[in-house]
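Here the structure comes first, spelled out in structure tokens, and everything after it is commentary.
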Amino acid sequence: MKNQGGRRWPLVVLTSSPFHGHMTPTLQLAKALHAKGFSIAIAHSKVNPPDPSNHPSFMFLPLSDNLSAIDDSGSFSNFIHTLNKNCKPSFQEHLTRLISEQNEENRSIVVIYDFIMSFAGSVSVDLNLAAIVFRTCSAAYFPAFLARLQLRQEGRFLEQDYAIQEMVPNFHPLRYKDLPFSKSPIEDWQQLVAIFSKQIRPSAVIWNTIKSLEDESLTRIQEHYQVPVFAVGPLHKITPTPPTNFLQEDITCISWLDKQPPKSVIYISFGSLVTLDKKMLTEIAWSLAKSNQRFLWAVRPGSVCDSEWMEFLPEDFIEETKERGLIVKWVPQRELLSHFAVGGFWSHCGWNSILESISEGVPLICQPANVDQMVNARYVSFVWKIGIELERFERGEMESLIRRVMVDEEGEEMRVRAIGMKEMVKEAVENGGVSHDSLEGLVGFISSC
Ligand code: UDX
């Protein structure tokens, strides 16, 4: 296809970060753009690479990161710093080579980069290419991040007081405890601010969210960036995409679910990054046992501090729950959330999990851990009212929340609202819906570059 200037449609180079929760929506976006007719290249770190066999029509550009694992550098901010520093030279080499090849084909290049991979923005601008930033978190996270910055500058936010329940002035509905990185060491936060404040001004912004869900936050984003903002989510509902799995999916859980009554099972998962200690897992286990509800629990290997997996759980817990509970390592989450037997989701509130839950009308128990998850949990529980946030991490409180979501009238009301949101998502991605139209706008924007 050719654009108005008679050039062939641009090659789109997407730069993904190695986190599962970022790689998945990046590949979904790539798939959606490929379906619209663009050629696609994926630049990725060597740590946690995507599987090219799932995407035979894409070109893959490995970046030399000199890292062997996500936690190689000690802290999150160190990792982001090293990733950006190490990947930059090979990204520059790939782009320089591609520019000369594409010039011969009379085709330009547009770069879409994960916000975390900020080097990709600056390299692209240096090479005179359009650079579009892609955000895989909620839109609400962005004003919350700005609030955190502003309060810090004013010296009004004491880092050690992250638990405080008061509302942040002018940032309704957030409490101090909901602000991003409030649980991280201050040095980590300062280093991240230093990295992210060097971001270039992008040509446009893409967000994996829905305008009808996050209109107010998207307006704030638009005011901040002053460039076109495209809300094209939830991307997993736009184009069917193979799952990005760094772990083997245990599909036996689906046949186990097939045998359970409708809406009777609570699904528990804390995503691809969160780690918990044995005490917390033991409290969760006993709350599940005492609640008398059916459960399916995905416990990622490596997610339990000082333990291989769940071998520390007592025999009597296993005995008590063997007829109504299943614990596995990694599940096909999207498929599972759409299963008739799943009636609730106990989640760390990563944005992909929230989008996947909303898309299937499943109410939540929120147990956020860090970064954007507290903001997401606040919106789920306080604004959208489709879930409850766990505030006290002990079995009595957990048991009570399970029953409130799975059994009580309150849970039924949340389910009705969640099903309303499922309808909203369906409309958004259909022909003429807000996300569908925003994607069309993005296609027009890229093809004019
Ligand atoms: C991270 C951050 O934590 C999150 O807050 C941010 O918004 C995106 O990046 P992660 O912690 O992994 O992601 O959470 P989430 O965004 O929920 O993504 C997890 C993904 O893993 C989901 O797409 C989910 O479907 C998938 N998953 C999880 C599985 O496929 N199987 C599982 O067993 C568990």
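Residues in the structure tokens are named by chain (A, B, ... in the order shown) and by number from 1 within that chain; ligands are numbered from 1 in the order shown.
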Inset, instruction - Pull the strand (DSSP E or B) assignments for region 167-257 of chain A out of DSSP run on the backbone, and list those residues as a PyMOL selection string. - result: chain A and resi 167+175+204-207+229-231
Go ahead and write the selection's residues with C-alpha atoms as a PDB file, in the first residue's frame.
```pdb
ATOM      1  CA  MET A 167      -6.900  11.461  50.002  1.00  0.00           C
ATOM      2  CA  ARG A 175      -5.055   8.173  48.669  1.00  0.00           C
ATOM      3  CA  ALA A 204       2.042  10.456  19.351  1.00  0.00           C
ATOM      4  CA  VAL A 205       1.002   8.344  22.319  1.00  0.00           C
ATOM      5  CA  ILE A 206      -0.729   4.943  22.317  1.00  0.00           C
ATOM      6  CA  TRP A 207      -2.459   3.589  25.424  1.00  0.00           C
ATOM      7  CA  VAL A 229      -3.318  10.183  21.901  1.00  0.00           C
ATOM      8  CA  PHE A 230      -4.751   6.854  20.717  1.00  0.00           C
ATOM      9  CA  ALA A 231      -6.620   4.630  23.203  1.00  0.00           C
TER      10      ALA A 231
END
```
Legend entry - Within 10 Å of Pro240 (chain A) using only C-alpha atoms, minus same-chain residues under 2 positions, as a ChimeraX atom specification: /A:28,31-32,235-238,242-243
Inset, instruction - Run DSSP on the backbone of this structure and report the residues of region 55-298 of chain A it assigns to alpha helix (DSSP H), as an MDAnalysis selection string. - result: chainID A and resid 76:104 118:126 141:153 186:196 211:225 235:238 252:258 278:291
Inset, instruction - Using only C-alpha atoms and all ligand atoms, pick whichever of A:Glu214, A:Glu315, A:Asp250, A:Asp65 has the shortest atom-to-atom distance to ligand 1. - result: A:Asp250
Inset, instruction - Please provide as a list in words all residues within 12 Å of Val416 (chain A), with the sequence filter that same-chain residues fewer than 5 positions apart are discarded (counting only C-alpha atoms). - result: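 Non-adjacent residues within range: Gly343, Ile358, Glu360, Gly361, Val362, Pro363, Trp384, Lys385, Ile386, Gly387, Val405, Glu409, Glu410, Gly411, Met421, Lys422 and Glu423 of chain A.
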Legend entry - Residues near Met424 (chain A), cut-off 9 Å, only C-alpha atoms, skip fewer than 4 positions along chain, as JSON, numbers by chain: {"A": [212, 213, 359, 419, 420, 428, 429]}
Go ahead and dump the residues you just picked, N, CA and C atoms, as a PDB file, in the first residue's frame.
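Writing the result to out34.pdb gives the following:
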```pdb
ATOM      1  N   SER A 212     -13.963   5.148  26.840  1.00  0.00           N
ATOM      2  CA  SER A 212     -15.181   5.212  27.661  1.00  0.00           C
ATOM      3  C   SER A 212     -14.916   4.791  29.109  1.00  0.00           C
ATOM      4  N   LEU A 213     -13.793   4.161  29.368  1.00  0.00           N
ATOM      5  CA  LEU A 213     -13.458   3.741  30.730  1.00  0.00           C
ATOM      6  C   LEU A 213     -12.593   4.788  31.434  1.00  0.00           C
ATOM      7  N   SER A 359     -13.082  -7.545  30.598  1.00  0.00           N
ATOM      8  CA  SER A 359     -13.582  -8.018  29.303  1.00  0.00           C
ATOM      9  C   SER A 359     -14.470  -9.236  29.437  1.00  0.00           C
ATOM     10  N   ILE A 419     -20.346  -7.087  34.393  1.00  0.00           N
ATOM     11  CA  ILE A 419     -20.931  -7.531  33.117  1.00  0.00           C
ATOM     12  C   ILE A 419     -21.298  -6.309  32.257  1.00  0.00           C
ATOM     13  N   GLY A 420     -21.709  -5.229  32.917  1.00  0.00           N
ATOM     14  CA  GLY A 420     -21.952  -3.970  32.189  1.00  0.00           C
ATOM     15  C   GLY A 420     -20.664  -3.496  31.513  1.00  0.00           C
ATOM     16  N   ALA A 428     -16.767  -1.111  22.437  1.00  0.00           N
ATOM     17  CA  ALA A 428     -15.584  -0.291  22.116  1.00  0.00           C
ATOM     18  C   ALA A 428     -14.770  -0.867  20.962  1.00  0.00           C
ATOM     19  N   VAL A 429     -14.714  -2.205  20.882  1.00  0.00           N
ATOM     20  CA  VAL A 429     -13.843  -2.804  19.854  1.00  0.00           C
ATOM     21  C   VAL A 429     -14.607  -3.129  18.565  1.00  0.00           C
TER      22      VAL A 429
END
```
Legend entry - Nearest residue to Gly441 (chain A) from the set A:Leu276, A:Ile318, A:Leu390, A:Leu33 (distances using only C-alpha atoms):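 Between A:Leu276, A:Ile318, A:Leu390, A:Leu33, the residue approaching Gly441 (chain A) most closely is A:Leu33.
Distance check against ligand 1 using only C-alpha atoms and all ligand atoms: of A:Met23, A:Ile254, A:Ile221, A:Ala147, the minimum falls on A:Met23.
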Legend entry - Neighbour list for His94 (chain A) as a VMD selection string, cut-off 8 Å, only C-alpha atoms, skip fewer than 4 positions in-chain: chain A and resid 61 90 98
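With distances restricted to only C-alpha atoms, A:Ala140 is the closest residue to Arg378 (chain A) from A:Ala140, A:Cys253, A:Leu336, A:Cys87.
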